[in-house]
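Only one structure is covered here, and it is reproduced in the block below.
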Amino acid sequence: MNKNQNTAKMLDHVLKFVITTSAIGSVIVAPNIVLALDKPLQKYYKKFDERQRAREIKRVIYYMKAQGYLAGEYEHGLRITKKGKLRHTNNNFSNLTIPGKQKWDKKWRLVMYDIPEKQGSGRRALTGKLRNLGFFQLQKSVWVHPLPCRPTVEEVCTTYNVAKYVSYVEAINIDNDKVLIKRFQKQMPKTKF
């Protein structure tokens, strides 16, 4: 991992730390933030001594402030900015997955939509995300998945502002589902079908 990738990963960990440890989600007052961040970021600088780690954390915080992700001083309190919240949200969204199960419950999850042309970018984004999540396109606007995924689908639809055009259905039977089972067995070898 090169230094830029390392910095980006550390940046995302710092944003997550600031959001999860602050009481109101945007401000953290920690005069010893360098010590507080030492443990969560330790995997990025295993070879460094204590002084080098503190310097690296300060460098990342300085970089985040320069990029507009954080505001304030770490001696008096850091505040996550709108830009920082957006990066954190986008990072979480891009890592969105459907929780796996060991055994299939014999139900199919269908996502069906009729999104108007004026919302075309939302439709294309939804289609791409469904494909990315492992859905199979059954028909033009009908996608299928074997595992429970309602919360994930709702989050995707809300993010792309197309929720009112999308239906989520759980079905017990789909014609010719043997083809689907075979396809998903290849895609999810740990799940028993």
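Ordering of the structure tokens sets the chain letters (A, B, ...); residue numbers start at 1 within each chain; ligands are numbered from 1 in the order shown.
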Inset, instruction - Extract, using only C-alpha atoms, all DNA, RNA and protein residues at most 10 Å from A:Leu138, discarding same-chain residues fewer than 6 positions from it, and format them as an MDAnalysis selection string. - result: chainID A and resid 110:112 144:145 180
Legend entry - Those of chain A in DSSP alpha helix (DSSP H), formatted as a VMD selection string: chain A and resid 3 to 21 33 to 38 50 to 67 82 to 94 120 to 132 150 to 159 177 to 187
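Computed from the coordinates, the atom CA of A:Lys129 to atom CA of A:Val156 distance equals 7.6 Å.
Taking only C-alpha atoms into account, A:Pro151 lies nearest to A:Pro99 out of the set A:Lys118, A:Pro99, A:Asp175, A:Ile181.
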Legend entry - Residue with smallest distance to A:Gln67 - pool A:Lys182, A:Lys46, A:Arg124, A:Lys82, counting only C-alpha atoms: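 For A:Gln67, the nearest of the given residues is A:Lys82.
The nearest approach to A:Lys85 among the residues A:Lys178, A:Arg183, A:Lys58, A:Lys16, with only C-alpha atoms taken into account, belongs to A:Lys16.
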Inset, instruction - Please identify all polymer residues within 12 Å of A:Val60, counting only C-alpha atoms, omitting same-chain residues fewer than 6 positions from it, and present them as a ChimeraX atom specification. - result: /A:3-4,6-15,34,37,41,44,53-54,66-67,69-70,74
Output N, CA and C atoms for every residue in the selection just made, as a compact mmCIF listing (two decimals), in the first residue's frame.
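Listed below is the output, part-v3.txt:
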# COMPACT_ATOMS: atom_id res chain seq x y z
N LYS A 3 1.83 5.46 0.10
CA LYS A 3 1.54 6.45 1.13
C LYS A 3 0.19 7.13 0.92
N ASN A 4 -0.20 7.41 -0.35
CA ASN A 4 -1.49 8.05 -0.61
C ASN A 4 -2.65 7.16 -0.19
N ASN A 6 -2.49 4.79 2.02
CA ASN A 6 -2.42 4.71 3.48
C ASN A 6 -3.07 5.93 4.12
N THR A 7 -2.77 7.11 3.58
CA THR A 7 -3.35 8.35 4.10
C THR A 7 -4.86 8.34 3.94
N ALA A 8 -5.35 7.88 2.79
CA ALA A 8 -6.80 7.83 2.55
C ALA A 8 -7.48 6.89 3.55
N LYS A 9 -6.88 5.74 3.80
CA LYS A 9 -7.45 4.79 4.77
C LYS A 9 -7.45 5.39 6.18
N MET A 10 -6.34 6.03 6.53
CA MET A 10 -6.26 6.66 7.85
C MET A 10 -7.29 7.78 7.97
N LEU A 11 -7.45 8.55 6.91
CA LEU A 11 -8.41 9.65 6.89
C LEU A 11 -9.81 9.11 7.17
N ASP A 12 -10.17 8.03 6.50
CA ASP A 12 -11.50 7.44 6.71
C ASP A 12 -11.66 6.92 8.14
N HIS A 13 -10.60 6.35 8.71
CA HIS A 13 -10.67 5.90 10.11
C HIS A 13 -10.83 7.08 11.07
N VAL A 14 -10.13 8.18 10.80
CA VAL A 14 -10.26 9.36 11.66
C VAL A 14 -11.68 9.91 11.59
N LEU A 15 -12.25 10.00 10.37
CA LEU A 15 -13.63 10.47 10.23
C LEU A 15 -14.58 9.58 11.01
N VAL A 34 -4.34 12.56 19.86
CA VAL A 34 -3.26 11.75 19.29
C VAL A 34 -3.21 10.40 20.00
N LEU A 37 -6.38 8.31 19.03
CA LEU A 37 -6.35 7.75 17.68
C LEU A 37 -5.25 6.72 17.50
N LEU A 41 -5.55 3.44 14.64
CA LEU A 41 -4.72 3.62 13.45
C LEU A 41 -3.42 2.82 13.51
N TYR A 44 -1.66 0.88 10.57
CA TYR A 44 -1.07 1.61 9.44
C TYR A 44 0.39 1.98 9.67
N ARG A 53 4.51 7.80 15.41
CA ARG A 53 3.06 7.61 15.31
C ARG A 53 2.33 8.92 15.59
N ALA A 54 2.74 9.61 16.65
CA ALA A 54 2.11 10.89 17.00
C ALA A 54 2.27 11.88 15.85
N ALA A 66 -6.74 20.72 5.97
CA ALA A 66 -6.40 21.42 4.72
C ALA A 66 -7.38 21.05 3.60
N GLN A 67 -7.87 19.81 3.61
CA GLN A 67 -8.82 19.35 2.59
C GLN A 67 -10.26 19.74 2.91
N TYR A 69 -12.11 18.51 5.58
CA TYR A 69 -12.89 17.45 6.22
C TYR A 69 -13.10 17.71 7.71
N LEU A 70 -12.14 18.38 8.33
CA LEU A 70 -12.21 18.72 9.75
C LEU A 70 -11.96 20.21 9.93
N TYR A 74 -6.88 20.34 17.39
CA TYR A 74 -7.01 19.15 18.20
C TYR A 74 -6.77 19.40 19.68
